[in-house]
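Here is the file start_5.pdb (PDB, C-alpha atoms).
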ATOM      1  CA  MET S 186     321.956 294.701 292.546
ATOM      2  CA  LYS S 187     323.010 293.906 289.025
ATOM      3  CA  PRO S 188     326.650 292.783 288.744
ATOM      4  CA  LEU S 189     329.106 295.273 287.283
ATOM      5  CA  HIS S 190     329.516 293.404 283.998
ATOM      6  CA  SER S 191     325.741 293.546 283.453
ATOM      7  CA  LEU S 192     325.690 297.289 284.075
ATOM      8  CA  LEU S 193     328.513 297.834 281.618
ATOM      9  CA  LEU S 194     326.894 295.609 278.991
ATOM     10  CA  ALA S 195     323.597 297.453 279.356
ATOM     11  CA  GLY S 196     325.446 300.750 279.011
ATOM     12  CA  ALA S 197     327.220 299.616 275.866
ATOM     13  CA  LEU S 198     323.999 298.410 274.280
ATOM     14  CA  SER S 199     322.137 301.605 275.122
ATOM     15  CA  LEU S 200     324.894 303.873 273.870
ATOM     16  CA  SER S 201     325.085 302.019 270.555
ATOM     17  CA  ALA S 202     321.372 302.383 269.842
ATOM     18  CA  VAL S 203     320.473 304.519 266.839
ATOM     19  CA  SER S 204     317.765 307.138 267.275
ATOM     20  CA  ALA S 205     314.681 306.931 265.090
ATOM     21  CA  GLN S 206     315.439 310.453 263.923
ATOM     22  CA  ALA S 207     318.777 311.869 262.891
ATOM     23  CA  ALA S 208     320.253 313.182 266.134
ATOM     24  CA  ASP S 209     323.102 315.603 266.670
ATOM     25  CA  LYS S 210     326.086 313.575 267.805
ATOM     26  CA  LEU S 211     327.761 314.596 271.067
ATOM     27  CA  LYS S 212     331.106 313.230 272.259
ATOM     28  CA  MET S 213     331.573 312.621 275.974
ATOM     29  CA  ALA S 214     334.796 311.424 277.605
ATOM     30  CA  THR S 215     335.126 309.840 281.005
ATOM     31  CA  ILE S 216     337.629 307.674 282.827
ATOM     32  CA  ALA S 217     337.843 303.919 282.542
ATOM     33  CA  PRO S 218     335.156 301.322 283.320
ATOM     34  CA  GLY S 219     335.111 300.268 286.949
ATOM     35  CA  THR S 220     335.167 303.802 288.342
ATOM     36  CA  SER S 221     332.122 305.522 289.815
ATOM     37  CA  ALA S 222     332.668 308.407 287.403
ATOM     38  CA  TYR S 223     332.344 306.012 284.476
ATOM     39  CA  LEU S 224     329.157 304.514 285.893
ATOM     40  CA  THR S 225     327.560 307.906 286.573
ATOM     41  CA  MET S 226     328.518 309.473 283.262
ATOM     42  CA  THR S 227     327.500 306.504 281.124
ATOM     43  CA  THR S 228     324.226 306.364 283.059
ATOM     44  CA  PHE S 229     323.774 310.083 282.311
ATOM     45  CA  ALA S 230     324.400 309.461 278.617
ATOM     46  CA  ASN S 231     322.091 306.423 278.508
ATOM     47  CA  ILE S 232     319.210 308.275 280.156
ATOM     48  CA  VAL S 233     319.608 311.269 277.860
ATOM     49  CA  ASN S 234     319.790 309.067 274.754
ATOM     50  CA  GLN S 235     316.704 307.096 275.770
ATOM     51  CA  ASN S 236     314.485 310.053 276.651
ATOM     52  CA  GLN S 237     314.897 312.498 273.778
ATOM     53  CA  ASP S 238     315.848 312.171 270.124
ATOM     54  CA  GLN S 239     317.480 315.489 269.280
ATOM     55  CA  TYR S 240     320.942 314.641 270.666
ATOM     56  CA  GLU S 241     322.851 311.382 270.966
ATOM     57  CA  PHE S 242     325.879 310.825 273.178
ATOM     58  CA  THR S 243     328.742 308.485 272.425
ATOM     59  CA  VAL S 244     331.103 307.885 275.324
ATOM     60  CA  ASP S 245     334.841 307.318 275.182
ATOM     61  CA  ALA S 246     336.187 305.803 278.384
ATOM     62  CA  THR S 247     339.910 306.128 277.768
ATOM     63  CA  GLY S 248     342.508 308.619 278.920
ATOM     64  CA  ALA S 249     342.614 311.009 281.878
ATOM     65  CA  ALA S 250     340.005 313.595 282.854
ATOM     66  CA  THR S 251     342.765 316.169 283.269
ATOM     67  CA  LYS S 252     343.470 315.922 279.524
ATOM     68  CA  HIS S 253     339.796 315.687 278.589
ATOM     69  CA  MET S 254     339.120 319.017 280.304
ATOM     70  CA  VAL S 255     341.747 320.708 278.154
ATOM     71  CA  GLU S 256     340.154 319.211 275.033
ATOM     72  CA  VAL S 257     336.706 320.482 276.055
ATOM     73  CA  ALA S 258     338.133 323.960 276.655
ATOM     74  CA  GLN S 259     339.769 323.833 273.215
ATOM     75  CA  GLY S 260     336.521 322.786 271.536
ATOM     76  CA  LYS S 261     337.879 319.370 270.528
ATOM     77  CA  LEU S 262     335.487 317.452 272.794
ATOM     78  CA  ASP S 263     331.883 318.185 273.807
ATOM     79  CA  TYR S 264     331.510 316.927 277.402
ATOM     80  CA  SER S 265     333.917 315.459 279.944
ATOM     81  CA  MET S 266     334.442 314.728 283.589
ATOM     82  CA  SER S 267     335.734 317.552 285.769
ATOM     83  CA  ALA S 268     336.427 318.203 289.460
ATOM     84  CA  PRO S 269     336.709 321.265 291.727
ATOM     85  CA  THR S 270     340.255 320.294 292.645
ATOM     86  CA  VAL S 271     341.304 319.897 289.010
ATOM     87  CA  ILE S 272     339.724 323.175 287.880
ATOM     88  CA  HIS S 273     341.639 324.824 290.753
ATOM     89  CA  PHE S 274     344.881 323.313 289.462
ATOM     90  CA  MET S 275     344.087 324.461 285.904
ATOM     91  CA  LYS S 276     343.235 328.029 286.921
ATOM     92  CA  ASN S 277     346.469 328.342 288.851
ATOM     93  CA  GLY S 278     348.827 326.312 286.654
ATOM     94  CA  MET S 279     349.489 323.754 289.370
ATOM     95  CA  ALA S 280     350.201 319.994 289.513
ATOM     96  CA  MET S 281     349.516 318.426 286.100
ATOM     97  CA  TYR S 282     349.046 321.887 284.497
ATOM     98  CA  LYS S 283     352.391 323.403 285.482
ATOM     99  CA  LYS S 284     353.608 323.419 281.876
ATOM    100  CA  LEU S 285     350.311 324.460 280.261
ATOM    101  CA  LYS S 286     350.943 328.031 279.118
ATOM    102  CA  ASN S 287     347.346 329.201 278.608
ATOM    103  CA  HIS S 288     345.895 327.310 281.589
ATOM    104  CA  ALA S 289     343.911 330.259 282.995
ATOM    105  CA  GLU S 290     342.237 331.078 279.677
ATOM    106  CA  LEU S 291     341.290 327.454 279.141
ATOM    107  CA  ALA S 292     339.838 327.183 282.650
ATOM    108  CA  LYS S 293     337.515 330.113 281.945
ATOM    109  CA  LYS S 294     336.094 328.267 278.940
ATOM    110  CA  LEU S 295     334.797 325.405 281.102
ATOM    111  CA  LYS S 296     331.250 325.513 282.440
ATOM    112  CA  LEU S 297     329.353 323.108 284.673
ATOM    113  CA  VAL S 298     326.488 320.799 283.780
ATOM    114  CA  MET S 299     326.301 319.085 287.190
ATOM    115  CA  TRP S 300     328.338 317.933 290.156
ATOM    116  CA  PHE S 301     328.058 314.377 291.468
ATOM    117  CA  PRO S 302     329.893 312.397 294.179
ATOM    118  CA  TYR S 303     333.031 310.588 293.093
ATOM    119  CA  GLY S 304     332.536 308.602 296.267
ATOM    120  CA  GLN S 305     334.880 307.408 298.959
ATOM    121  CA  TYR S 306     338.479 306.502 298.200
ATOM    122  CA  HIS S 307     338.456 302.743 298.767
ATOM    123  CA  ILE S 308     341.942 301.613 299.815
ATOM    124  CA  LEU S 309     342.053 297.863 299.279
ATOM    125  CA  THR S 310     344.495 295.113 300.107
ATOM    126  CA  HIS S 311     344.194 291.338 300.181
ATOM    127  CA  ALA S 312     343.183 290.127 303.630
ATOM    128  CA  ASP S 313     346.271 287.934 303.958
ATOM    129  CA  SER S 314     348.749 290.644 302.826
ATOM    130  CA  GLY S 315     349.758 291.535 306.383
ATOM    131  CA  ILE S 316     348.766 295.166 305.742
ATOM    132  CA  GLU S 317     346.288 296.314 308.367
ATOM    133  CA  LYS S 318     346.770 300.100 308.519
ATOM    134  CA  LEU S 319     347.928 302.870 306.220
ATOM    135  CA  SER S 320     351.363 303.100 307.815
ATOM    136  CA  ASP S 321     351.958 299.506 306.658
ATOM    137  CA  LEU S 322     352.253 300.809 303.085
ATOM    138  CA  LYS S 323     355.932 301.508 303.668
ATOM    139  CA  GLY S 324     357.959 299.506 301.140
ATOM    140  CA  LYS S 325     354.848 298.180 299.369
ATOM    141  CA  LYS S 326     353.607 298.454 295.795
ATOM    142  CA  VAL S 327     350.576 300.753 295.682
ATOM    143  CA  PHE S 328     348.280 301.784 292.824
ATOM    144  CA  LEU S 329     347.210 305.386 293.514
ATOM    145  CA  GLY S 330     345.565 305.952 290.148
ATOM    146  CA  PRO S 331     346.866 306.533 286.618
ATOM    147  CA  PRO S 332     349.935 308.833 286.736
ATOM    148  CA  GLY S 333     349.126 312.440 285.885
ATOM    149  CA  GLY S 334     345.456 312.110 286.808
ATOM    150  CA  GLY S 335     343.507 313.844 289.537
ATOM    151  CA  ALA S 336     342.856 310.579 291.377
ATOM    152  CA  TRP S 337     346.617 309.886 291.635
ATOM    153  CA  THR S 338     347.226 313.349 293.068
ATOM    154  CA  ALA S 339     344.411 312.968 295.605
ATOM    155  CA  ALA S 340     345.405 309.490 296.797
ATOM    156  CA  TYR S 341     349.086 310.467 296.987
ATOM    157  CA  GLY S 342     348.195 313.462 299.144
ATOM    158  CA  LEU S 343     345.932 311.430 301.403
ATOM    159  CA  VAL S 344     348.580 308.800 302.144
ATOM    160  CA  LYS S 345     351.217 311.458 302.768
ATOM    161  CA  SER S 346     348.988 313.546 305.031
ATOM    162  CA  VAL S 347     348.001 310.564 307.179
ATOM    163  CA  THR S 348     351.273 308.615 307.329
ATOM    164  CA  GLY S 349     354.054 310.920 306.139
ATOM    165  CA  LEU S 350     354.973 308.285 303.545
ATOM    166  CA  ASP S 351     355.958 309.795 300.201
ATOM    167  CA  ALA S 352     355.999 307.791 296.971
ATOM    168  CA  LYS S 353     358.129 310.481 295.340
ATOM    169  CA  ALA S 354     360.775 309.917 298.008
ATOM    170  CA  GLY S 355     360.685 306.140 297.526
ATOM    171  CA  ASP S 356     358.879 305.286 300.769
ATOM    172  CA  TYR S 357     356.656 303.005 298.720
ATOM    173  CA  GLU S 358     356.345 302.207 295.012
ATOM    174  CA  SER S 359     353.670 303.945 292.977
ATOM    175  CA  VAL S 360     352.409 301.405 290.437
ATOM    176  CA  LYS S 361     352.110 302.861 286.935
ATOM    177  CA  ALA S 362     349.011 301.468 285.236
ATOM    178  CA  SER S 363     345.648 302.351 283.731
ATOM    179  CA  TRP S 364     342.450 301.808 285.712
ATOM    180  CA  SER S 365     341.581 298.602 283.880
ATOM    181  CA  SER S 366     345.058 297.054 283.971
ATOM    182  CA  ALA S 367     345.448 297.962 287.658
ATOM    183  CA  PHE S 368     342.150 296.294 288.546
ATOM    184  CA  GLN S 369     343.290 293.098 286.859
ATOM    185  CA  GLY S 370     346.772 293.418 288.348
ATOM    186  CA  PHE S 371     345.370 293.632 291.861
ATOM    187  CA  GLN S 372     343.245 290.556 291.271
ATOM    188  CA  ASP S 373     346.381 288.749 290.080
ATOM    189  CA  ARG S 374     348.317 289.955 293.168
ATOM    190  CA  GLN S 375     350.895 291.830 291.111
ATOM    191  CA  PHE S 376     350.964 294.567 293.756
ATOM    192  CA  ASP S 377     349.846 295.092 297.328
ATOM    193  CA  VAL S 378     347.330 297.924 297.503
ATOM    194  CA  TYR S 379     344.703 299.194 295.054
ATOM    195  CA  ILE S 380     343.000 302.588 295.499
ATOM    196  CA  ASN S 381     339.887 303.661 293.608
ATOM    197  CA  GLY S 382     337.034 306.011 294.413
ATOM    198  CA  GLY S 383     333.430 304.918 294.325
ATOM    199  CA  ILE S 384     330.073 305.468 295.967
ATOM    200  CA  ALA S 385     329.532 302.681 298.508
ATOM    201  CA  PRO S 386     328.331 300.052 297.876
ATOM    202  CA  PHE S 387     330.850 300.308 295.047
ATOM    203  CA  PRO S 388     330.229 297.554 292.418
ATOM    204  CA  GLN S 389     333.944 297.114 291.790
ATOM    205  CA  VAL S 390     334.579 296.239 295.441
ATOM    206  CA  GLU S 391     331.660 293.824 295.376
ATOM    207  CA  GLN S 392     333.120 292.163 292.299
ATOM    208  CA  LEU S 393     336.556 291.825 293.889
ATOM    209  CA  SER S 394     335.090 290.302 297.034
ATOM    210  CA  LEU S 395     333.248 287.570 295.135
ATOM    211  CA  THR S 396     336.446 285.537 294.856
ATOM    212  CA  ASN S 397     338.805 287.155 297.384
ATOM    213  CA  LYS S 398     338.855 288.209 300.991
ATOM    214  CA  ILE S 399     339.951 291.839 300.986
ATOM    215  CA  ARG S 400     340.555 294.452 303.646
ATOM    216  CA  LEU S 401     339.474 298.084 303.529
ATOM    217  CA  LEU S 402     342.090 300.458 304.920
ATOM    218  CA  GLY S 403     341.523 303.905 306.358
ATOM    219  CA  LEU S 404     341.007 305.676 309.665
ATOM    220  CA  THR S 405     338.602 305.032 312.485
ATOM    221  CA  ARG S 406     336.538 307.994 313.663
ATOM    222  CA  ALA S 407     338.869 308.455 316.643
ATOM    223  CA  GLU S 408     341.952 308.293 314.407
ATOM    224  CA  TYR S 409     340.501 310.858 312.023
ATOM    225  CA  GLU S 410     339.623 313.236 314.841
ATOM    226  CA  ALA S 411     343.165 312.874 316.206
ATOM    227  CA  SER S 412     344.884 313.332 312.845
ATOM    228  CA  GLU S 413     345.553 316.991 312.134
ATOM    229  CA  GLY S 414     347.195 316.010 308.848
ATOM    230  CA  ALA S 415     344.147 314.091 307.593
ATOM    231  CA  GLN S 416     341.726 316.835 308.585
ATOM    232  CA  LYS S 417     343.849 319.561 307.010
ATOM    233  CA  TYR S 418     344.178 317.644 303.763
ATOM    234  CA  ILE S 419     340.550 316.542 303.432
ATOM    235  CA  ASN S 420     339.166 319.969 304.321
ATOM    236  CA  GLY S 421     341.896 322.005 302.669
ATOM    237  CA  LEU S 422     340.665 322.287 299.096
ATOM    238  CA  LYS S 423     337.240 322.815 297.544
ATOM    239  CA  GLY S 424     335.923 319.544 296.166
ATOM    240  CA  ARG S 425     337.452 317.335 298.827
ATOM    241  CA  GLU S 426     335.134 316.017 301.493
ATOM    242  CA  LEU S 427     335.118 313.482 304.282
ATOM    243  CA  GLY S 428     334.143 310.061 303.019
ATOM    244  CA  VAL S 429     332.701 307.481 305.401
ATOM    245  CA  ILE S 430     332.310 303.827 304.441
ATOM    246  CA  ALA S 431     329.824 302.362 306.884
ATOM    247  CA  LYS S 432     330.544 299.042 308.545
ATOM    248  CA  GLY S 433     328.355 296.464 306.858
ATOM    249  CA  ALA S 434     328.322 298.241 303.488
ATOM    250  CA  TYR S 435     329.866 295.071 302.040
ATOM    251  CA  GLY S 436     329.682 291.353 302.773
ATOM    252  CA  ASP S 437     331.798 289.116 304.958
ATOM    253  CA  ASN S 438     334.621 288.989 302.397
ATOM    254  CA  VAL S 439     335.391 292.697 302.949
ATOM    255  CA  LEU S 440     337.082 293.066 306.320
ATOM    256  CA  MET S 441     336.337 296.227 308.305
ATOM    257  CA  ASP S 442     335.914 296.338 312.071
ATOM    258  CA  GLU S 443     334.075 299.674 312.167
ATOM    259  CA  ASP S 444     333.181 302.643 309.992
ATOM    260  CA  ILE S 445     336.135 303.761 307.859
ATOM    261  CA  TYR S 446     336.975 307.448 307.420
ATOM    262  CA  VAL S 447     338.775 308.365 304.206
ATOM    263  CA  LEU S 448     338.863 311.021 301.537
ATOM    264  CA  GLY S 449     335.731 311.669 299.518
ATOM    265  CA  ALA S 450     335.528 313.859 296.437
ATOM    266  CA  LYS S 451     333.195 315.870 294.275
ATOM    267  CA  VAL S 452     333.389 315.555 290.488
ATOM    268  CA  GLY S 453     331.184 316.671 287.663
ATOM    269  CA  ILE S 454     330.347 316.999 283.995
ATOM    270  CA  THR S 455     331.765 320.011 282.158
ATOM    271  CA  VAL S 456     331.124 321.592 278.776
ATOM    272  CA  ASN S 457     332.594 324.448 276.744
ATOM    273  CA  GLU S 458     330.959 327.825 277.389
ATOM    274  CA  ASP S 459     330.220 328.140 273.646
ATOM    275  CA  MET S 460     327.958 325.089 273.608
ATOM    276  CA  PRO S 461     324.424 326.253 272.643
ATOM    277  CA  ASP S 462     322.184 326.967 275.626
ATOM    278  CA  GLU S 463     319.283 324.984 274.173
ATOM    279  CA  GLN S 464     321.441 321.869 273.804
ATOM    280  CA  VAL S 465     322.799 321.911 277.367
ATOM    281  CA  TYR S 466     319.298 322.648 278.699
ATOM    282  CA  ALA S 467     317.832 319.728 276.755
ATOM    283  CA  VAL S 468     320.347 317.124 277.925
ATOM    284  CA  THR S 469     320.224 318.383 281.534
ATOM    285  CA  LYS S 470     316.449 318.175 281.535
ATOM    286  CA  ALA S 471     316.395 314.734 279.911
ATOM    287  CA  PHE S 472     318.633 313.341 282.647
ATOM    288  CA  TRP S 473     317.012 314.839 285.732
ATOM    289  CA  ASP S 474     313.434 314.367 284.558
ATOM    290  CA  ASN S 475     314.074 310.635 284.089
ATOM    291  CA  VAL S 476     316.753 309.636 286.609
ATOM    292  CA  GLU S 477     314.294 308.573 289.321
ATOM    293  CA  ALA S 478     313.227 305.491 287.407
ATOM    294  CA  ALA S 479     316.820 304.238 287.353
ATOM    295  CA  ARG S 480     317.412 304.508 291.104
ATOM    296  CA  ALA S 481     315.502 301.351 292.050
ATOM    297  CA  SER S 482     317.972 299.051 290.288
ATOM    298  CA  THR S 483     321.050 301.212 290.863
ATOM    299  CA  PRO S 484     321.587 301.851 294.617
ATOM    300  CA  TRP S 485     324.633 304.106 294.256
ATOM    301  CA  LEU S 486     322.568 306.467 292.074
ATOM    302  CA  HIS S 487     320.657 307.619 295.177
ATOM    303  CA  ALA S 488     323.714 309.740 296.025
ATOM    304  CA  VAL S 489     323.379 311.673 292.742
ATOM    305  CA  THR S 490     320.946 314.440 293.700
ATOM    306  CA  LEU S 491     319.748 317.770 292.350
ATOM    307  CA  ASP S 492     321.000 319.648 295.428
ATOM    308  CA  TYR S 493     324.469 318.126 295.076
ATOM    309  CA  ALA S 494     324.508 318.961 291.354
ATOM    310  CA  VAL S 495     324.433 322.719 292.037
ATOM    311  CA  SER S 496     326.490 322.796 295.232
ATOM    312  CA  ASP S 497     329.680 324.793 295.772
ATOM    313  CA  GLY S 498     332.448 323.600 293.475
ATOM    314  CA  GLY S 499     334.179 326.660 292.074
ATOM    315  CA  MET S 500     332.889 326.322 288.509
ATOM    316  CA  PRO S 501     329.934 328.328 287.151
ATOM    317  CA  LEU S 502     327.050 326.550 285.486
ATOM    318  CA  HIS S 503     326.521 326.715 281.778
ATOM    319  CA  PRO S 504     323.511 329.022 281.220
ATOM    320  CA  GLY S 505     321.557 326.180 279.617
ATOM    321  CA  ALA S 506     321.980 323.980 282.688
ATOM    322  CA  GLN S 507     321.254 326.853 285.056
ATOM    323  CA  LYS S 508     317.966 327.544 283.275
ATOM    324  CA  TYR S 509     316.803 324.006 284.079
ATOM    325  CA  TYR S 510     317.891 324.118 287.725
ATOM    326  CA  LYS S 511     316.115 327.455 288.238
ATOM    327  CA  GLU S 512     312.940 325.984 286.765
ATOM    328  CA  LYS S 513     313.189 323.140 289.301
ATOM    329  CA  GLY S 514     313.685 325.600 292.176
ATOM    330  CA  ALA S 515     317.118 324.247 293.068
ATOM    331  CA  GLU S 516     319.152 326.299 295.542
ATOM    332  CA  ILE S 517     322.214 327.104 293.432
ATOM    333  CA  ALA S 518     325.479 327.845 295.239
ATOM    334  CA  GLU S 519     326.888 331.296 294.529
ATOM    335  CA  SER S 520     330.042 329.826 292.952
ATOM    336  CA  SER S 521     327.863 327.782 290.590
ATOM    337  CA  MET S 522     325.846 330.713 289.250
ATOM    338  CA  ALA S 523     326.373 331.275 285.529
ATOM    339  CA  ASN S 524     328.479 334.274 284.561
TER     340      ASN S 524
END

How does the structure come out when it is put into structure tokens?
Amino acid sequence: MKPLHSLLLAGALSLSAVSAQAADKLKMATIAPGTSAYLTMTTFANIVNQNQDQYEFTVDATGAATKHMVEVAQGKLDYSMSAPTVIHFMKNGMAMYKKLKNHAELAKKLKLVMWFPYGQYHILTHADSGIEKLSDLKGKKVFLGPPGGGAWTAAYGLVKSVTGLDAKAGDYESVKASWSSAFQGFQDRQFDVYINGGIAPFPQVEQLSLTNKIRLLGLTRAEYEASEGAQKYINGLKGRELGVIAKGAYGDNVLMDEDIYVLGAKVGITVNEDMPDEQVYAVTKAFWDNVEAARASTPWLHAVTLDYAVSDGGMPLHPGAQKYYKEKGAEIAESSMAN
């Protein structure tokens, strides 16, 4: 496997390439480098840029997906990351959208290009921290994700459902940081626990374990089956799913005695409903017709599949994307059918 910095460098070089012909510029936003969403979405953009010359993506990896989705709905941004859980919050004016007056109208403007796995929520601590189970987070400093983002909300809910510990009540300290600063802060031991989602084997975990012994926290199979709170939370909202990190997924520097059961999540790429059908069709086709060649050098990309792309997520496909999936004979979930 190529190291993370090589993947990011390759992505930056590809995205900066200028097409031989004048291409229509498309702006895509995703979350920060180091996340699986960043890797998947920059890979999507790279493959599209390299395999057609009518459209060219530039990718901005700053800010929160929850804000990016609003900007797409408003027509200020072309493509962004989305998630079934976040679109649910937007439709219903919940969580980070409580104060957004026209939340329902904006949600209707968003259409799906594809779903892909966010991966398993990796809950990491240094091996010598003395933290061996989730209940040990009491009184510790924990990075759940950037405040106001969907990842923060998901990780907060997972910890509370499993342990009863509540950061809002002061049971532990929620570290306020961006993805990139939190990654560096964890390496520098500025706080105790770092949570990030990624498809195992997650390159960020592999990078951390090159110079540190770290421990993966979560539930055993027996603990998950005995935890009504964990099961209710993980299965309680469309887009959440059970994530299993198999023992042996990482090297000796990542301590795990058996398979670890945690939260997994579905995320995706969204676009405004007014985006031309022919454009969305073209970029969807360019990605899926050429993704296979990238899988050999990118193991996590094997989890990004056509069937998963059109699975149940509570957001209808853009007609341009749906046209491609129908041509490929994909079995499109009812909730993903264009309307």

Practice prompt. Let me know the residues the PyMOL selection byres ((chain S and resi 343) around 9) catches in the file above, as a count of residues only.
Written response: 16

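Within the 7 Å cut-off around S:Val439, using only C-alpha atoms and omitting residues fewer than 2 positions from it on the same chain, the listed residues are Ser394, Lys398, Ile399, Arg400, Leu401, Tyr435, Gly436, Asp437 and Met441 of chain S.
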
With C-alpha atoms retained, could you export that selection as a PDB file, keeping the file's coordinate frame?
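Generated output (again-v4.pdb):
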ATOM      1  CA  SER S 394     335.090 290.302 297.034  1.00  0.00           C
ATOM      2  CA  LYS S 398     338.855 288.209 300.991  1.00  0.00           C
ATOM      3  CA  ILE S 399     339.951 291.839 300.986  1.00  0.00           C
ATOM      4  CA  ARG S 400     340.555 294.452 303.646  1.00  0.00           C
ATOM      5  CA  LEU S 401     339.474 298.084 303.529  1.00  0.00           C
ATOM      6  CA  TYR S 435     329.866 295.071 302.040  1.00  0.00           C
ATOM      7  CA  GLY S 436     329.682 291.353 302.773  1.00  0.00           C
ATOM      8  CA  ASP S 437     331.798 289.116 304.958  1.00  0.00           C
ATOM      9  CA  MET S 441     336.337 296.227 308.305  1.00  0.00           C
TER      10      MET S 441
END

Worksheet item: Suppose you want the space between atom CA of S:Leu427 and atom CA of S:Ala450; what is it in Å?
Response: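 Going from atom CA of S:Leu427 over to atom CA of S:Ala450 covers 7.9 Å.
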
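Atom CA of S:Tyr379 lies 6.0 Å from atom CA of S:Ile308.
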
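Atom CA of S:Val255 is positioned 16.8 Å from atom CA of S:Leu211.
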